[in-house]
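Enquirer: File name start12.cif; file contents mmCIF, C-alpha atoms; full text below.
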data_coords
#
loop_
_atom_site.label_atom_id
_atom_site.label_comp_id
_atom_site.auth_asym_id
_atom_site.auth_seq_id
_atom_site.Cartn_x
_atom_site.Cartn_y
_atom_site.Cartn_z
CA MET A 20 -38.65 -27.22 1.66
CA ALA A 21 -36.51 -24.98 3.78
CA GLY A 22 -38.25 -22.05 5.42
CA GLN A 23 -37.10 -18.47 5.70
CA PRO A 24 -33.89 -18.14 7.74
CA GLY A 25 -34.39 -16.57 11.14
CA PHE A 26 -32.07 -14.54 13.34
CA PHE A 27 -31.14 -17.55 15.46
CA ASP A 28 -30.41 -19.61 12.33
CA ILE A 29 -27.76 -17.08 11.30
CA GLU A 30 -26.32 -17.00 14.81
CA GLU A 31 -26.10 -20.79 14.81
CA ARG A 32 -24.28 -20.79 11.46
CA LEU A 33 -21.81 -18.18 12.76
CA ARG A 34 -21.17 -20.33 15.83
CA GLU A 35 -20.42 -23.24 13.54
CA LEU A 36 -17.95 -21.09 11.59
CA SER A 37 -16.28 -20.10 14.85
CA SER A 38 -15.97 -23.72 15.95
CA LYS A 39 -14.26 -24.57 12.64
CA GLY A 40 -11.78 -21.74 13.11
CA ASP A 41 -12.63 -18.42 11.47
CA ASP A 42 -9.37 -16.56 10.83
CA LEU A 43 -11.23 -13.31 10.23
CA GLU A 44 -12.96 -13.57 13.61
CA ARG A 45 -9.57 -13.91 15.32
CA LEU A 46 -8.21 -11.00 13.29
CA LYS A 47 -11.15 -8.80 14.29
CA ARG A 48 -10.71 -9.74 17.95
CA LEU A 49 -6.94 -9.20 18.14
CA VAL A 50 -6.39 -6.17 15.89
CA ASP A 51 -7.84 -2.86 17.05
CA PHE A 52 -8.79 -1.28 13.72
CA GLU A 53 -9.91 1.89 15.49
CA LEU A 54 -6.26 2.89 15.85
CA PHE A 55 -6.27 3.68 12.10
CA ARG A 56 -9.29 6.00 12.25
CA ALA A 57 -7.52 9.34 12.70
CA ASP A 58 -5.08 8.66 9.86
CA LEU A 59 -7.88 7.46 7.57
CA GLU A 60 -10.07 10.47 8.25
CA LYS A 61 -7.14 12.78 7.58
CA ALA A 62 -6.32 11.04 4.28
CA VAL A 63 -9.86 10.55 2.92
CA ALA A 64 -12.00 13.68 3.04
CA ARG A 65 -15.78 13.40 3.08
CA ALA A 66 -18.04 15.39 0.75
CA ASP A 67 -20.29 18.13 2.09
CA ARG A 68 -23.68 16.55 2.80
CA SER A 69 -25.56 19.80 3.34
CA LYS A 70 -27.57 19.05 0.19
CA GLY A 71 -28.44 15.55 1.34
CA GLY A 72 -27.49 12.27 -0.27
CA ARG A 73 -26.65 8.82 1.00
CA PRO A 74 -24.42 8.78 4.11
CA PRO A 75 -20.84 7.77 3.30
CA PHE A 76 -19.47 4.48 4.56
CA ASP A 77 -17.38 4.56 7.72
CA HIS A 78 -13.62 5.07 7.19
CA VAL A 79 -12.61 2.07 9.29
CA LEU A 80 -15.19 -0.14 7.56
CA MET A 81 -13.74 0.80 4.16
CA PHE A 82 -10.20 0.14 5.36
CA LYS A 83 -11.24 -3.30 6.59
CA VAL A 84 -12.73 -3.92 3.13
CA LEU A 85 -9.32 -3.20 1.60
CA ILE A 86 -7.67 -5.60 4.05
CA LEU A 87 -10.21 -8.29 3.12
CA GLN A 88 -9.59 -7.61 -0.56
CA THR A 89 -5.82 -7.85 -0.11
CA MET A 90 -5.86 -11.04 1.93
CA HIS A 91 -8.00 -12.84 -0.66
CA SER A 92 -6.68 -11.21 -3.87
CA LEU A 93 -10.10 -9.92 -4.91
CA SER A 94 -11.05 -7.47 -7.61
CA ASP A 95 -13.37 -4.64 -6.57
CA GLU A 96 -16.37 -6.37 -8.17
CA ARG A 97 -15.58 -9.74 -6.63
CA CYS A 98 -15.00 -8.16 -3.23
CA GLU A 99 -18.44 -6.51 -3.33
CA TYR A 100 -20.05 -9.84 -4.27
CA LEU A 101 -18.32 -11.88 -1.56
CA ILE A 102 -19.13 -9.37 1.18
CA LYS A 103 -22.79 -9.87 0.30
CA ASP A 104 -22.36 -13.65 0.00
CA ARG A 105 -20.20 -14.67 2.97
CA LEU A 106 -21.31 -14.51 6.59
CA SER A 107 -17.68 -14.53 7.75
CA PHE A 108 -16.97 -11.39 5.68
CA MET A 109 -20.08 -9.68 7.06
CA ARG A 110 -19.13 -10.50 10.65
CA PHE A 111 -15.59 -9.20 10.13
CA LEU A 112 -16.98 -5.92 8.80
CA GLY A 113 -19.74 -5.69 11.40
CA LEU A 114 -22.51 -5.79 8.78
CA GLY A 115 -25.94 -7.41 9.00
CA LEU A 116 -27.91 -8.96 6.16
CA ALA A 117 -29.98 -5.80 5.76
CA ASP A 118 -27.06 -3.35 5.89
CA PRO A 119 -25.81 -1.64 2.71
CA VAL A 120 -22.54 -2.96 1.27
CA PRO A 121 -19.89 -0.79 -0.46
CA ASP A 122 -20.06 -1.33 -4.20
CA ALA A 123 -17.05 -1.77 -6.49
CA ASN A 124 -16.92 1.92 -7.39
CA THR A 125 -16.93 2.95 -3.72
CA ILE A 126 -14.05 0.55 -2.99
CA TRP A 127 -12.06 1.91 -5.93
CA THR A 128 -12.71 5.53 -4.91
CA PHE A 129 -11.60 4.95 -1.32
CA ARG A 130 -8.38 3.22 -2.41
CA GLU A 131 -7.67 6.03 -4.89
CA ALA A 132 -8.05 8.58 -2.09
CA LEU A 133 -5.47 6.70 -0.01
CA THR A 134 -3.18 6.60 -3.05
CA LYS A 135 -3.39 10.35 -3.66
CA ALA A 136 -2.83 11.08 0.03
CA GLY A 137 0.22 8.81 0.20
CA ALA A 138 -1.33 7.31 3.33
CA ILE A 139 -0.26 3.68 3.08
CA GLU A 140 3.14 4.34 4.68
CA VAL A 141 1.44 6.16 7.56
CA LEU A 142 -0.98 3.27 8.13
CA PHE A 143 1.85 0.74 8.01
CA ARG A 144 3.85 2.69 10.61
CA ARG A 145 0.75 3.03 12.78
CA PHE A 146 0.36 -0.74 13.02
CA ASP A 147 4.10 -1.25 13.51
CA LYS A 148 3.91 1.11 16.50
CA ALA A 149 0.96 -0.91 17.85
CA LEU A 150 3.01 -4.12 17.49
CA LYS A 151 5.83 -2.59 19.51
CA MET A 152 3.39 -1.35 22.16
CA SER A 153 2.17 -4.96 22.43
CA GLY A 154 5.74 -6.04 23.11
CA TYR A 155 6.63 -7.30 19.64
CA LEU A 156 9.78 -5.22 19.27
CA ALA A 157 12.12 -5.51 16.32
CA MET A 158 14.75 -7.86 17.74
CA GLY A 159 17.49 -10.30 16.80
CA GLY A 160 18.79 -8.38 13.79
CA GLN A 161 17.14 -7.97 10.42
CA ILE A 162 16.91 -9.79 7.11
CA VAL A 163 16.68 -7.81 3.87
CA ASP A 164 15.44 -9.10 0.51
CA ALA A 165 13.22 -8.27 -2.45
CA THR A 166 10.77 -10.16 -4.63
CA ILE A 167 9.13 -9.48 -7.98
CA VAL A 168 5.40 -8.72 -7.95
CA ALA A 169 3.90 -9.56 -11.33
CA ALA A 170 1.78 -7.10 -13.31
CA PRO A 171 -0.18 -7.59 -16.57
CA LYS A 172 2.31 -7.75 -19.44
CA GLN A 173 2.36 -4.82 -21.87
CA ARG A 174 2.38 -5.49 -25.62
CA ASN A 175 4.58 -2.65 -26.84
CA THR A 176 6.84 -2.31 -29.85
CA ASP A 177 10.61 -1.94 -29.43
CA GLU A 178 10.34 1.75 -30.29
CA GLU A 179 7.58 2.27 -27.72
CA LYS A 180 9.66 0.50 -25.07
CA LYS A 181 12.62 2.76 -25.81
CA VAL A 182 10.49 5.91 -25.50
CA ILE A 183 8.92 4.69 -22.23
CA LYS A 184 12.35 3.97 -20.69
CA GLU A 185 13.33 7.55 -21.53
CA GLY A 186 10.37 8.74 -19.48
CA ARG A 187 8.33 9.97 -22.46
CA VAL A 188 4.94 9.06 -23.92
CA PRO A 189 4.93 7.47 -27.40
CA ASP A 190 3.47 9.86 -29.97
CA ALA A 191 0.96 7.25 -31.16
CA TRP A 192 -0.60 7.15 -27.67
CA LYS A 193 -1.06 10.88 -27.14
CA ASP A 194 -4.21 11.06 -29.27
CA LYS A 195 -5.65 7.88 -27.74
CA PRO A 196 -6.46 8.64 -24.08
CA ALA A 197 -8.30 5.33 -23.61
CA LYS A 198 -5.23 3.38 -24.73
CA LEU A 199 -2.87 5.55 -22.69
CA ALA A 200 -4.93 4.94 -19.56
CA GLN A 201 -4.40 1.19 -19.95
CA LYS A 202 -0.64 1.38 -20.48
CA ASP A 203 1.59 0.91 -17.44
CA ARG A 204 4.64 3.08 -18.10
CA ASP A 205 6.20 2.48 -14.68
CA ALA A 206 6.46 -1.33 -14.59
CA ARG A 207 9.56 -2.88 -16.14
CA TRP A 208 10.86 -6.17 -17.50
CA THR A 209 13.66 -7.99 -15.74
CA VAL A 210 15.24 -11.43 -15.80
CA LYS A 211 15.18 -13.67 -12.74
CA TYR A 212 17.93 -16.31 -12.68
CA SER A 213 17.41 -19.68 -11.10
CA LYS A 214 20.55 -21.70 -10.46
CA ALA A 215 20.35 -25.27 -11.70
CA LYS A 216 21.43 -28.07 -9.42
CA PRO A 217 24.30 -30.29 -10.70
CA ARG A 218 23.30 -33.67 -12.08
CA ALA A 219 23.95 -36.87 -10.15
CA ASP A 220 26.93 -37.63 -12.40
CA GLY A 221 28.50 -34.28 -11.55
CA MET A 222 27.85 -32.62 -14.91
CA PRO A 223 26.74 -28.97 -14.55
CA GLN A 224 23.30 -27.92 -15.66
CA VAL A 225 22.32 -24.73 -17.48
CA ASP A 226 20.94 -21.99 -15.24
CA LEU A 227 17.41 -20.84 -15.99
CA ALA A 228 16.69 -17.24 -17.00
CA ILE A 229 13.04 -16.36 -16.43
CA PRO A 230 11.73 -13.01 -17.74
CA ALA A 231 9.30 -11.18 -15.47
CA PHE A 232 7.32 -7.95 -15.74
CA GLY A 233 6.05 -5.79 -12.92
CA TYR A 234 7.31 -4.30 -9.68
CA LYS A 235 9.44 -5.23 -6.68
CA ASN A 236 8.63 -5.45 -3.00
CA HIS A 237 11.76 -4.64 -0.96
CA VAL A 238 11.43 -5.57 2.72
CA SER A 239 13.31 -5.89 5.96
CA ILE A 240 12.00 -8.33 8.57
CA ASP A 241 13.13 -8.75 12.15
CA ARG A 242 14.76 -12.08 12.87
CA CYS A 243 12.93 -12.64 16.17
CA HIS A 244 9.28 -12.34 15.13
CA GLY A 245 9.42 -12.41 11.32
CA LEU A 246 7.43 -9.18 11.00
CA ILE A 247 8.02 -6.72 8.15
CA ARG A 248 9.50 -3.57 9.69
CA LYS A 249 10.51 -1.50 6.65
CA TRP A 250 9.59 -1.70 2.97
CA THR A 251 9.62 0.13 -0.30
CA ALA A 252 8.34 -0.54 -3.82
CA THR A 253 10.07 -0.06 -7.17
CA ASP A 254 9.82 -1.31 -10.73
CA ALA A 255 11.04 -4.86 -11.30
CA ALA A 256 14.30 -3.77 -12.96
CA ALA A 257 15.48 -1.76 -9.94
CA TYR A 258 18.71 -3.07 -8.40
CA ASP A 259 18.14 -4.68 -5.00
CA GLY A 260 21.41 -3.51 -3.47
CA ALA A 261 20.64 0.15 -4.15
CA ARG A 262 17.61 -0.05 -1.79
CA LEU A 263 19.46 -1.32 1.28
CA ALA A 264 19.59 2.05 3.05
CA GLU A 265 15.85 2.60 2.46
CA VAL A 266 14.74 -0.59 4.22
CA LEU A 267 17.19 -0.76 7.11
CA ASP A 268 15.42 -0.59 10.47
CA ARG A 269 17.44 1.45 12.95
CA GLU A 270 15.10 0.53 15.83
CA ASN A 271 16.07 -3.15 15.80
CA THR A 272 17.65 -4.04 19.13
CA ALA A 273 20.42 -6.05 17.43
CA SER A 274 22.86 -4.81 14.80
CA GLU A 275 23.26 -7.80 12.44
CA VAL A 276 21.98 -7.47 8.86
CA TRP A 277 21.52 -10.55 6.64
CA ALA A 278 21.12 -10.32 2.86
CA ASP A 279 22.15 -12.11 -0.34
CA THR A 280 25.07 -11.21 -2.60
CA ALA A 281 23.04 -8.57 -4.49
CA TYR A 282 23.48 -6.33 -1.45
CA ARG A 283 27.26 -6.84 -1.14
CA SER A 284 29.08 -3.71 -2.29
CA ALA A 285 31.74 -1.39 -0.90
CA LYS A 286 29.15 1.40 -0.64
CA ASN A 287 26.71 -0.74 1.35
CA GLU A 288 29.42 -2.11 3.62
CA GLU A 289 30.58 1.41 4.37
CA HIS A 290 26.99 2.51 5.05
CA LEU A 291 26.43 -0.37 7.48
CA THR A 292 29.64 0.33 9.36
CA ARG A 293 28.95 4.07 9.57
CA HIS A 294 25.51 3.48 11.09
CA GLY A 295 26.59 0.81 13.56
CA PHE A 296 25.32 -2.28 11.74
CA VAL A 297 27.17 -5.60 11.49
CA SER A 298 27.23 -7.03 7.97
CA CYS A 299 26.15 -10.65 7.60
CA ILE A 300 25.69 -10.27 3.85
CA HIS A 301 26.69 -13.20 1.63
CA ARG A 302 30.09 -12.95 0.00
CA LYS A 303 30.44 -13.38 -3.74
CA LYS A 304 32.49 -16.06 -5.43
CA PRO A 305 35.73 -14.58 -6.85
CA LYS A 306 35.46 -14.29 -10.62
CA GLY A 307 37.45 -17.03 -12.30
CA TRP A 308 38.34 -18.70 -8.99
CA PRO A 309 36.62 -21.31 -6.84
CA MET A 310 34.98 -20.09 -3.66
CA ALA A 311 37.10 -20.56 -0.55
CA GLU A 312 35.85 -23.32 1.71
CA ARG A 313 35.51 -21.05 4.74
CA THR A 314 33.49 -18.57 2.66
CA ARG A 315 31.21 -21.35 1.46
CA ILE A 316 30.62 -22.53 5.03
CA ALA A 317 29.98 -18.97 6.22
CA ASN A 318 27.49 -18.38 3.41
CA ALA A 319 25.68 -21.62 4.21
CA ARG A 320 25.39 -20.56 7.85
CA LYS A 321 24.02 -17.18 6.81
CA SER A 322 21.51 -18.85 4.47
CA LYS A 323 19.89 -20.68 7.38
CA VAL A 324 19.06 -17.32 8.92
CA ARG A 325 18.25 -15.50 5.68
CA SER A 326 15.77 -18.15 4.52
CA ALA A 327 13.18 -16.79 6.98
CA VAL A 328 12.38 -13.91 4.63
CA GLU A 329 11.37 -16.39 1.93
CA HIS A 330 8.46 -17.48 4.13
CA VAL A 331 7.11 -13.93 3.94
CA PHE A 332 7.20 -13.87 0.14
CA ALA A 333 5.86 -17.43 -0.09
CA TYR A 334 2.79 -16.46 1.95
CA GLN A 335 2.20 -13.28 -0.04
CA LYS A 336 2.45 -15.08 -3.37
CA GLY A 337 0.69 -18.22 -2.13
CA PRO A 338 -2.46 -17.71 0.00
CA MET A 339 -2.57 -13.95 -0.70
CA VAL A 340 -1.82 -14.35 -4.44
CA LEU A 341 -0.07 -10.97 -4.56
CA VAL A 342 -0.15 -9.42 -8.04
CA VAL A 343 -0.54 -5.84 -9.25
CA ARG A 344 -3.56 -5.32 -11.50
CA THR A 345 -3.50 -1.52 -11.35
CA ILE A 346 -1.67 1.00 -13.53
CA GLY A 347 1.35 2.99 -12.34
CA ILE A 348 3.85 2.92 -9.50
CA ALA A 349 1.67 5.00 -7.11
CA ARG A 350 -1.16 2.44 -7.17
CA ALA A 351 1.30 -0.46 -7.15
CA ARG A 352 2.86 1.01 -4.02
CA VAL A 353 -0.53 1.02 -2.28
CA LYS A 354 -1.18 -2.57 -3.36
CA ILE A 355 2.22 -3.74 -2.12
CA GLY A 356 1.96 -1.69 1.06
CA LEU A 357 -1.45 -3.16 1.87
CA ALA A 358 -0.02 -6.64 1.28
CA ASN A 359 2.82 -5.96 3.72
CA LEU A 360 0.39 -4.54 6.29
CA ALA A 361 -2.03 -7.46 5.87
CA TYR A 362 0.86 -9.90 6.24
CA ASN A 363 1.89 -8.32 9.53
CA MET A 364 -1.70 -8.57 10.78
CA ARG A 365 -1.81 -12.26 9.89
CA ARG A 366 1.61 -12.81 11.45
CA PHE A 367 0.55 -11.03 14.63
CA VAL A 368 -2.53 -13.26 14.94
CA TRP A 369 -0.30 -16.32 14.37
CA LEU A 370 2.18 -15.22 17.04
CA VAL A 371 -0.54 -14.58 19.60
CA GLY A 372 -2.35 -17.81 18.76
CA ARG A 373 0.76 -19.87 19.40
CA ASN A 374 1.59 -18.00 22.56
CA VAL A 375 4.86 -16.76 21.12
CA PRO A 376 6.11 -14.41 23.84
CA ALA A 377 6.68 -10.80 22.91
CA ALA A 378 9.92 -8.98 23.68
CA VAL A 379 11.94 -12.22 23.74
CA ALA A 380 14.92 -12.72 21.43
#
For the file at hand, write its structure as structure tokens.
Expert:
Amino acid sequence: MAGQPGFFDIEERLRELSSKGDDLERLKRLVDFELFRADLEKAVARADRSKGGRPPFDHVLMFKVLILQTMHSLSDERCEYLIKDRLSFMRFLGLGLADPVPDANTIWTFREALTKAGAIEVLFRRFDKALKMSGYLAMGGQIVDATIVAAPKQRNTDEEKKVIKEGRVPDAWKDKPAKLAQKDRDARWTVKYSKAKPRADGMPQVDLAIPAFGYKNHVSIDRCHGLIRKWTATDAAAYDGARLAEVLDRENTASEVWADTAYRSAKNEEHLTRHGFVSCIHRKKPKGWPMAERTRIANARKSKVRSAVEHVFAYQKGPMVLVVRTIGIARARVKIGLANLAYNMRRFVWLVGRNVPAAVA
């Protein structure tokens, strides 16, 4: 029968985890989470403890909990459980076996405070500044794209959908606060088209139209390091091309901008020219006419560059399992912003681990 675990038993198990490659240990070592402290303390006020009560959890500790939660797609309850269960989580947070662990309600309350303060953009910019101070400047031009982030589907009638799109609350919900609290009136339906490949005999296939409900993550990454530099969040039905100006990074050392045909418009081309950018946006096929061969070749060349942004979305939807389980655009924005910040942290660790030189195009 196994005896009671001792201090050295735990240390030995942690050494074993390190030898196997603990990503969280590398993240803790390479990212200075203290740089977020001032912004966190400004955003999340602490209650007056003159009457006593349990000491609040440290701001940086709580922020690291949110990063853990985001990287592993955990609910508040599951996050609380796994912090208590996993030694790697405890080590990342700097907690011992006897230390108190934030419960699900504490995690929710801290995230809500960040939401109300609109702090996620400030925290994202703080880490982006740290990346640049480390030499990872935005270089080589930028790639712009957007992806749908799924949210729980709403079961509404056609009349309720119409009223919601008009920005109003259905009358039947007004007297049911519990039901209203569970209804996401900001998320929207959209249709994502997937082009079918021609058959071997040359016969065309029917394109697929896939309905989706939720929000969109609009990003701009730098071509050199693949880090997200600018982002915004909208409902899923928002038009990608209308968000180009919001996500353009004017600090990139190169002027080229890559994007798909959704971003090609006279207004966007004029905006790029006026602000000194060079458009590398895909050109559309002329309606009713075949695409010119030189345009097809140019688009194919642009696609080789533009495909880098798909790796960002693939990681967020794969290992991070990015979905929005909250209600409303404000909370969705925090969820998406945390995912973009957590991705940059992971990317930074990857770049350092592979000795990718900073400040090199």
Enquirer: Could you check which residues have any atom within 10 Å of (-7.8, 0.2, 2.8), counting all atoms listed in the file with coordinates taken straight from the file, and then list them as a VMD selection string?
Expert: chain A and resid 59 78 to 89 126 to 127 129 to 134 138 to 139 142 353 to 354 357
Enquirer: Which residues, written as a PyMOL selection string, have at least one atom at most 9 Å from Leu106 in chain A, with only C-alpha atoms counted and residues fewer than 2 positions away on the same chain left out?
Expert: chain A and resi 29+32-33+36+102-104+108-111+115-116
Enquirer: CA of Ile167 in chain A and CA of Val50 in chain A, how far apart in Å?
Expert: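 Atom-to-atom, CA of Val50 in chain A to CA of Ile167 in chain A, that is 28.7 Å.
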Enquirer: Specify as a compact mmCIF listing (two decimals) with C-alpha atoms, in the frame of the given file each residue included when the PyMOL selection byres ((chain A and resi 46) around 10) is applied to this file.
Expert:
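Once everything was written out, this is expr04.txt:
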# COMPACT_ATOMS: atom_id res chain seq x y z
CA ASP A 41 -12.63 -18.42 11.47
CA ASP A 42 -9.37 -16.56 10.83
CA LEU A 43 -11.23 -13.31 10.23
CA GLU A 44 -12.96 -13.57 13.61
CA ARG A 45 -9.57 -13.91 15.32
CA LYS A 47 -11.15 -8.80 14.29
CA ARG A 48 -10.71 -9.74 17.95
CA LEU A 49 -6.94 -9.20 18.14
CA VAL A 50 -6.39 -6.17 15.89
CA ASP A 51 -7.84 -2.86 17.05
CA PHE A 52 -8.79 -1.28 13.72
CA PHE A 111 -15.59 -9.20 10.13
CA MET A 364 -1.70 -8.57 10.78
CA ARG A 365 -1.81 -12.26 9.89
CA PHE A 367 0.55 -11.03 14.63
CA VAL A 368 -2.53 -13.26 14.94
CA TRP A 369 -0.30 -16.32 14.37
Enquirer: Could you tell me how far CA of His330 in chain A lies from CA of Cys243 in chain A, in Å and to one decimal?
Expert: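 Separating CA of His330 in chain A from CA of Cys243 in chain A is a distance of 13.7 Å.
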Enquirer: Would you kindly return, as a count of residues only, each protein, DNA or RNA residue with an atom no farther than 9 Å from any atom of Asp268 in chain A, considering all atoms listed in the file and excluding same-chain residues fewer than 6 positions away?
Expert: 7
Enquirer: Tell me which of A:Ala273, A:Arg366, A:Ile348, A:Ser107 sits closest to Arg34 in chain A, counting only C-alpha atoms.
Expert: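 Closest to Arg34 in chain A of all the choices is A:Ser107.
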Enquirer: Which distance in Å separates CA of Ser37 in chain A and CA of Cys98 in chain A, to one decimal?
Expert: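 Computed distance, CA of Ser37 in chain A to CA of Cys98 in chain A, equals 21.7 Å.
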Enquirer: Which residues would end up in the selection if the PyMOL selection byres ((chain A and resi 170) around 7) were applied here, given that I need the answer as a list in words?
Expert: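 Applied to this file, the PyMOL selection byres ((chain A and resi 170) around 7) returns Val168, Ala169, Pro171, Lys172, Phe232, Gly233, Val342, Val343 and Arg344 of chain A.
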Enquirer: Which residue out of A:Ala123, A:Leu156, A:Ala257, A:Ala358 has the minimum interatomic distance to Phe143 in chain A when only C-alpha atoms are used?
Expert: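 Counting only C-alpha atoms, the residue closest to Phe143 in chain A is A:Ala358.
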Enquirer: Skipping near chain neighbours, those fewer than 6 positions away, what residues fall within 7 Å of Thr251 in chain A using only C-alpha atoms, listed as a PyMOL selection string?
Expert: chain A and resi 236-238+266
Enquirer: Given only C-alpha atoms as the basis, pick out the residue of A:Ala136, A:Ala351, A:Ala281, A:Ala333 nearest to Glu60 in chain A.
Expert: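 Looking only at the distances to Glu60 in chain A, the closest residue turns out to be A:Ala136.
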Enquirer: Measuring atom to atom with only C-alpha atoms, identify which of A:Met158, A:Asn124, A:Gly337, A:Asp254 is nearest to Glu99 in chain A.
Expert: A:Asn124
Enquirer: Find the residue from A:Leu227, A:Asp147, A:Lys336, A:Arg56 that sits nearest to Glu270 in chain A; use all atoms listed in the file when measuring.
Expert: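 For Glu270 in chain A, the nearest of the given residues is A:Asp147.
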Enquirer: May I ask which of the residues A:Arg73, A:His301, A:Arg373, A:Arg352 is the closest one to Ala319 in chain A, counting only C-alpha atoms?
Expert: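 The answer is A:His301, which sits nearest to Ala319 in chain A.
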